[in-house]
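Participant: This is the structure, below, for whatever I ask next.
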2 protein chains.
Amino acid sequence: MKKRATAQEVAQLAGVSKWTVIRAFTPGASITEVSRAKVMAAAEQMNYRPNLLARSLATRSTRQVAVFVDDFANPYKLQLIEATTAALQAEGLVALLVNINEHLDHVHAILNADQRQVDAVVLLGTSFREETLADSRLRDGGPPLFVLARDSQLAGIPAVSCDSAVAMEDICRHLAARGFGRPGFMSGPRTLSTALGRHRHFRDHWASRGIEVAELQASPYSHAAGAAAMRAYLAANPPGARIDVLVCENDILAHGALDVLRHEAGLSVPSDMAVVGFDDAAPSALPGYDLTTYRQPVGRMVETLVDMLSGRRPHDTIVLRGELVLRSSA
Amino acid sequence: MKKRATAQEVAQLAGVSKWTVIRAFTPGASITEVSRAKVMAAAEQMNYRPNLLARSLATRSTRQVAVFVDDFANPYKLQLIEATTAALQAEGLVALLVNINEHLDHVHAILNADQRQVDAVVLLGTSFREETLADSRLRDGGPPLFVLARDSQLAGIPAVSCDSAVAMEDICRHLAARGFGRPGFMSGPRTLSTALGRHRHFRDHWASRGIEVAELQASPYSHAAGAAAMRAYLAANPPGARIDVLVCENDILAHGALDVLRHEAGLSVPSDMAVVGFDDAAPSALPGYDLTTYRQPVGRMVETLVDMLSGRRPHDTIVLRGELVLRSSA
DNA sequence: TTGTACGCGTTATCAT
DNA sequence: ATGATAACGCGTACAA
């Protein structure tokens with residue numbers, strides 16, 4: 001287990017000073033080709049690579065981004081993680097994946113990330129309350145925060161997400177064209193964003209036509225919770241008095257609802273009840289669900305975020321337009 | 001954006017030397033309660049937290065573990081990521097999630113991780129060839145490597161995984177009891193582990209009874225690949241000459257196979273063909289699949305790994321027994 | 001118990 | 001173009 005070589009040692013072997021070694025590894029530094037070649041040869045021989053820890057200490061930039069994730073019952077999170085890590089890595093950044101669970105809340109996770117000097121903290125669709133981020137310990141300094149793939153309107157915290165208003169407009173236009181008129185909405189755990197996001201836009205849209213939306217409540221975001229909410233609804237509402245279309249806050253809830261409709265209640269979709277999801281999670285395209293849903297522009301979202309992190313774009317909240325994906329469920 | 005406070009500055013405010021501040025934050029250091037209290041008060045006031053970067057540079061330990069992941073088409077990976085990050089965090093470690101894709105191979109990812117001085121690299125079920133890790137640049141120094149949730153027999157690289165031999169024994173015993181006698185196996189991309197793992201044990205078991213196993217090949221590990229492999233098999237083999245049970249290398253392949261059998265071929269499971277998976281991924285329990293599968297002991301696996309990382313257990317390859325989960329598909 | 005020199009490996013800045 | 005000095009913030013070893 002040989003110790004790693006340092007710039008100093010490489011310099012000695014190459015017969016130059018350690019600063020020349022540094023320059024050989026610094027793009028655009030002034031150094032002769034001869035020196036660089038000598039250094040590179042010595043570096044190769046000693047298997048030298050710059051120590052990023054020491055570099056970070058000196059430059060005060062770790063090229064590390066903490067990515068906060070919760071809600072692991074939703075397979076869509078995997079797609080988000082994949083896209084986010086890929087985009088970060090393409091930029092020479094690396095993701096510190098932080099599992100936000102009952103043992104670690106946002107505030108402590110941010111403090112920990114700060115101790116590690118991360119360049120930024122990305123809240124990847126995590127659930128939090130507005131008050132949470134107002135903690136006094138987060139006031140001064142601290143890493144820049146970003147919200148990704150979640151409706152958010154926190155002052156000073158840029159968010160990149162899918163445009164809920166346009167999305168719900170697209171969805172409602174489609175439903176109206178198909179003649180649906182007794183809508184229901186299944187929402188997840190209540191947090192601030194809920195009030196600003198999908199649920200509210202959906203409700204407002206129908207309200208403008210004088211139609212009230214039935215509310216189904218599921219928590220957490222999981223197949224089981226979606227299924228339970230649907231069971232409860234069916235139990236409480238006799239066949240004649242039911243909604244004719246259910247829009248869910250995300251696909252995983254829709255999957256739960258669909259499975260109850262088809263496999264437990266023996267109802268058929270969309271004739272007995274249509275179902276619409278949100279996200280276009282991978283399973284939604286499978287024959288077992290074939291769910292009409294709204295695809296988030298994940299690629300453009302992570303690109304936009306990385307542009308912000310790299311300073312190529314101002315740190316402003318931005319919403320991107322997604323795309324309605326028509327399948328047989330609605 | 002105030003600068004972070006340093007131990008030096010806290011010391012000044014507390015009227016002690018900076019080393020006393022360090023001691024106040026070092027468990028088990030010799031320091032009087034009076035001094036510690038003074039330091040803590042000052043630290044609180046200045047919102048001081050030790051800089052882990054500087055600490056790591058000095059101690060040569062970052063408390064960071066690089067976790068390599070690929071195969072994002074498999075939702076089971078999310079469960080593994082969740083369990084792994086949770087276990088690491090419980091130990092005061094943090095996961096550097098590295099997305100192994102076409103832009104980043106294992107060797108370069110390991111070199112990058114090494115530059116960041118990670119305490120260890122965990123290969124979380126990633127696909128790699130034996131030769132890959134024999135790269136010359138990985139020889140000396142470098143972070144300790146571990147393989148998790150994947151059959152592996154690489155010299156010097158401890159692996160923690162589910163016991164494939166016992167698993168296949170359990171599965172085959174069950175299948176024999178149910179009278180199945182024309183087995184098939186769907187395997188994923190060919191790598192070293194395939195030869196040592198599930199596929200080989202399954203084949204060996206039937207070979208000992210003089211029965212040959214039909215081979216279905218899918219690549220990569222995805223629903224689409226599993227579906228395609230099943231389509232190809234059905235096209236090539238007329239109803240009378242088919243296997244009566246298919247065991248898949250993992251659940252995601254089994255899901256693809258099941259969906260083709262039920263939704264495309266109109267066959268019924270298990271009467272026309274039984275299907276068995278491996279992993280017990282979350283969707284397997286849903287009514288849309290109801291897949292008989294073999295549950296990996298994820299909790300114990302990650303616990304074991306963390307025990308190794310923390311030095312509470314020798315760095316030896318270990319296999320843990322899983323559990324057959326009986327559902328309607330077989 | 002507390003204070004001091006020195007090192008961790010790199011980068012920024014200045015002098016040559 | 002190259003060498004040298006200081007600094008990044010903390011830990012270890014030793015002395016007081």
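Letters A, B, ... go to the chains of the structure tokens in the order shown; residues in each chain start at 1; ligands are counted from 1 in the same order.
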Using only C-alpha atoms (C1' of nucleotides), which chain B residues lie at most 6 Å away from chain D, written as number ranges by chain?
Facilitator: B: 54-55, 58
Participant: Hey, list the chain A side of the contact with chain C: 10 Å cut-off, only C-alpha atoms (C1' of nucleotides), answer as number ranges by chain.
Facilitator: A: 6-8, 19, 22, 50-59
Participant: Write a file of the just-selected residues containing N, CA and C atoms, as a short mmCIF file (atom, residue, chain, number, x, y, z; two decimals), in the first residue's frame.
Facilitator:
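This is the output file selection_38.cif:
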data_model
loop_
_atom_site.label_atom_id
_atom_site.label_comp_id
_atom_site.auth_asym_id
_atom_site.auth_seq_id
_atom_site.Cartn_x
_atom_site.Cartn_y
_atom_site.Cartn_z
N THR A 6 3.15 13.06 -4.26
CA THR A 6 2.75 14.46 -4.19
C THR A 6 3.49 15.25 -5.27
N ALA A 7 3.03 16.47 -5.47
CA ALA A 7 3.67 17.32 -6.47
C ALA A 7 5.14 17.53 -6.13
N GLN A 8 5.40 17.64 -4.87
CA GLN A 8 6.77 17.83 -4.39
C GLN A 8 7.67 16.69 -4.86
N TRP A 19 6.28 23.94 -8.05
CA TRP A 19 5.34 24.85 -8.72
C TRP A 19 5.28 24.60 -10.23
N ILE A 22 2.86 21.85 -10.63
CA ILE A 22 1.50 22.37 -10.56
C ILE A 22 1.13 22.98 -11.92
N PRO A 50 -3.15 15.05 -9.00
CA PRO A 50 -3.32 16.11 -7.99
C PRO A 50 -4.34 15.71 -6.92
N ASN A 51 -4.07 16.09 -5.72
CA ASN A 51 -4.98 15.82 -4.61
C ASN A 51 -6.07 16.89 -4.58
N LEU A 52 -7.29 16.46 -4.89
CA LEU A 52 -8.39 17.42 -5.00
C LEU A 52 -8.78 18.01 -3.65
N LEU A 53 -8.46 17.27 -2.59
CA LEU A 53 -8.79 17.75 -1.26
C LEU A 53 -7.98 19.02 -0.97
N ALA A 54 -6.69 18.92 -1.21
CA ALA A 54 -5.81 20.07 -0.97
C ALA A 54 -6.18 21.21 -1.91
N ARG A 55 -6.52 20.85 -3.14
CA ARG A 55 -6.91 21.89 -4.08
C ARG A 55 -8.16 22.62 -3.57
N SER A 56 -9.11 21.85 -3.11
CA SER A 56 -10.36 22.45 -2.63
C SER A 56 -10.11 23.37 -1.45
N LEU A 57 -9.21 22.94 -0.59
CA LEU A 57 -8.92 23.76 0.59
C LEU A 57 -8.36 25.12 0.15
N ALA A 58 -7.54 25.07 -0.86
CA ALA A 58 -6.92 26.31 -1.32
C ALA A 58 -7.87 27.15 -2.17
N THR A 59 -8.63 26.50 -3.03
CA THR A 59 -9.50 27.26 -3.94
C THR A 59 -10.87 27.55 -3.34
#
Participant: Near chain B, which residues of chain A fall within 6 Å when you count only C-alpha atoms, and what do they look like as a PDB file with N, CA, C and O atoms, in the first residue's frame?
Facilitator:
ATOM      1  N   MET A   1       0.847  -1.214   0.000  1.00  0.00           N
ATOM      2  CA  MET A   1       0.000   0.000   0.000  1.00  0.00           C
ATOM      3  C   MET A   1       0.872   1.250   0.000  1.00  0.00           C
ATOM      4  O   MET A   1       1.057   1.921   1.015  1.00  0.00           O
ATOM      5  N   LYS A   2       1.414   1.567  -1.158  1.00  0.00           N
ATOM      6  CA  LYS A   2       2.317   2.708  -1.252  1.00  0.00           C
ATOM      7  C   LYS A   2       1.546   4.026  -1.117  1.00  0.00           C
ATOM      8  O   LYS A   2       0.419   4.152  -1.546  1.00  0.00           O
ATOM      9  N   LYS A   3       2.201   4.966  -0.482  1.00  0.00           N
ATOM     10  CA  LYS A   3       1.607   6.288  -0.332  1.00  0.00           C
ATOM     11  C   LYS A   3       1.462   6.942  -1.709  1.00  0.00           C
ATOM     12  O   LYS A   3       2.216   6.688  -2.622  1.00  0.00           O
ATOM     13  N   ASN A  51      -4.071  16.091  -5.718  1.00  0.00           N
ATOM     14  CA  ASN A  51      -4.978  15.819  -4.605  1.00  0.00           C
ATOM     15  C   ASN A  51      -6.069  16.890  -4.576  1.00  0.00           C
ATOM     16  O   ASN A  51      -5.833  18.048  -4.264  1.00  0.00           O
ATOM     17  N   LEU A  52      -7.286  16.459  -4.894  1.00  0.00           N
ATOM     18  CA  LEU A  52      -8.387  17.420  -5.001  1.00  0.00           C
ATOM     19  C   LEU A  52      -8.779  18.006  -3.654  1.00  0.00           C
ATOM     20  O   LEU A  52      -9.363  19.079  -3.567  1.00  0.00           O
ATOM     21  N   LEU A  53      -8.465  17.274  -2.594  1.00  0.00           N
ATOM     22  CA  LEU A  53      -8.790  17.753  -1.255  1.00  0.00           C
ATOM     23  C   LEU A  53      -7.980  19.016  -0.967  1.00  0.00           C
ATOM     24  O   LEU A  53      -8.509  20.040  -0.534  1.00  0.00           O
ATOM     25  N   PRO A  75     -40.335   5.245  -7.952  1.00  0.00           N
ATOM     26  CA  PRO A  75     -39.281   4.869  -8.893  1.00  0.00           C
ATOM     27  C   PRO A  75     -38.848   6.010  -9.804  1.00  0.00           C
ATOM     28  O   PRO A  75     -37.764   5.977 -10.374  1.00  0.00           O
ATOM     29  N   LEU A  78     -35.484   7.598  -9.285  1.00  0.00           N
ATOM     30  CA  LEU A  78     -34.285   7.006  -9.870  1.00  0.00           C
ATOM     31  C   LEU A  78     -33.949   7.680 -11.191  1.00  0.00           C
ATOM     32  O   LEU A  78     -32.782   7.938 -11.489  1.00  0.00           O
ATOM     33  N   ALA A  95     -21.816  14.311  -7.357  1.00  0.00           N
ATOM     34  CA  ALA A  95     -22.981  14.402  -6.470  1.00  0.00           C
ATOM     35  C   ALA A  95     -22.745  13.702  -5.142  1.00  0.00           C
ATOM     36  O   ALA A  95     -22.334  12.547  -5.100  1.00  0.00           O
ATOM     37  N   LEU A  96     -23.009  14.428  -4.087  1.00  0.00           N
ATOM     38  CA  LEU A  96     -23.012  13.858  -2.749  1.00  0.00           C
ATOM     39  C   LEU A  96     -24.467  13.529  -2.470  1.00  0.00           C
ATOM     40  O   LEU A  96     -25.264  14.433  -2.224  1.00  0.00           O
ATOM     41  N   LEU A  97     -24.823  12.260  -2.536  1.00  0.00           N
ATOM     42  CA  LEU A  97     -26.234  11.917  -2.377  1.00  0.00           C
ATOM     43  C   LEU A  97     -26.615  11.858  -0.906  1.00  0.00           C
ATOM     44  O   LEU A  97     -26.094  11.024  -0.156  1.00  0.00           O
ATOM     45  N   GLN A 115     -20.335  21.994   6.092  1.00  0.00           N
ATOM     46  CA  GLN A 115     -19.044  21.629   6.693  1.00  0.00           C
ATOM     47  C   GLN A 115     -18.109  20.998   5.673  1.00  0.00           C
ATOM     48  O   GLN A 115     -16.901  21.064   5.793  1.00  0.00           O
ATOM     49  N   ARG A 116     -18.723  20.365   4.695  1.00  0.00           N
ATOM     50  CA  ARG A 116     -17.907  19.732   3.649  1.00  0.00           C
ATOM     51  C   ARG A 116     -17.627  20.683   2.511  1.00  0.00           C
ATOM     52  O   ARG A 116     -17.078  20.308   1.488  1.00  0.00           O
ATOM     53  N   ASP A 140     -26.348  32.949   7.823  1.00  0.00           N
ATOM     54  CA  ASP A 140     -25.159  33.519   7.192  1.00  0.00           C
ATOM     55  C   ASP A 140     -24.269  32.461   6.550  1.00  0.00           C
ATOM     56  O   ASP A 140     -24.129  31.356   7.040  1.00  0.00           O
ATOM     57  N   GLY A 141     -23.655  32.857   5.445  1.00  0.00           N
ATOM     58  CA  GLY A 141     -22.798  31.930   4.734  1.00  0.00           C
ATOM     59  C   GLY A 141     -23.613  30.802   4.178  1.00  0.00           C
ATOM     60  O   GLY A 141     -24.683  31.012   3.636  1.00  0.00           O
TER      61      GLY A 141
END
Participant: If you run DSSP on the backbone here, which positions in region 133-280 of chain A get strand (DSSP E or B)? Please write them as a list in words.
Facilitator: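 Result set for region 133-280 of chain A (strand (DSSP E or B)): Leu145, Phe146, Val147, Leu148, Ala159, Val160, Ser161, Cys162, Pro183, Gly184, Phe185, Met186, Ser187, Ala214, Glu215, Leu216, Gln217, Val245, Leu246, Val247, Cys248, Ala274, Val275, Val276 and Asp279 of chain A.
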Participant: Tell me, in Å to one decimal, how far CA of Arg295 (chain A) is from CA of Asp280 (chain A).
Facilitator: 4.7 Å
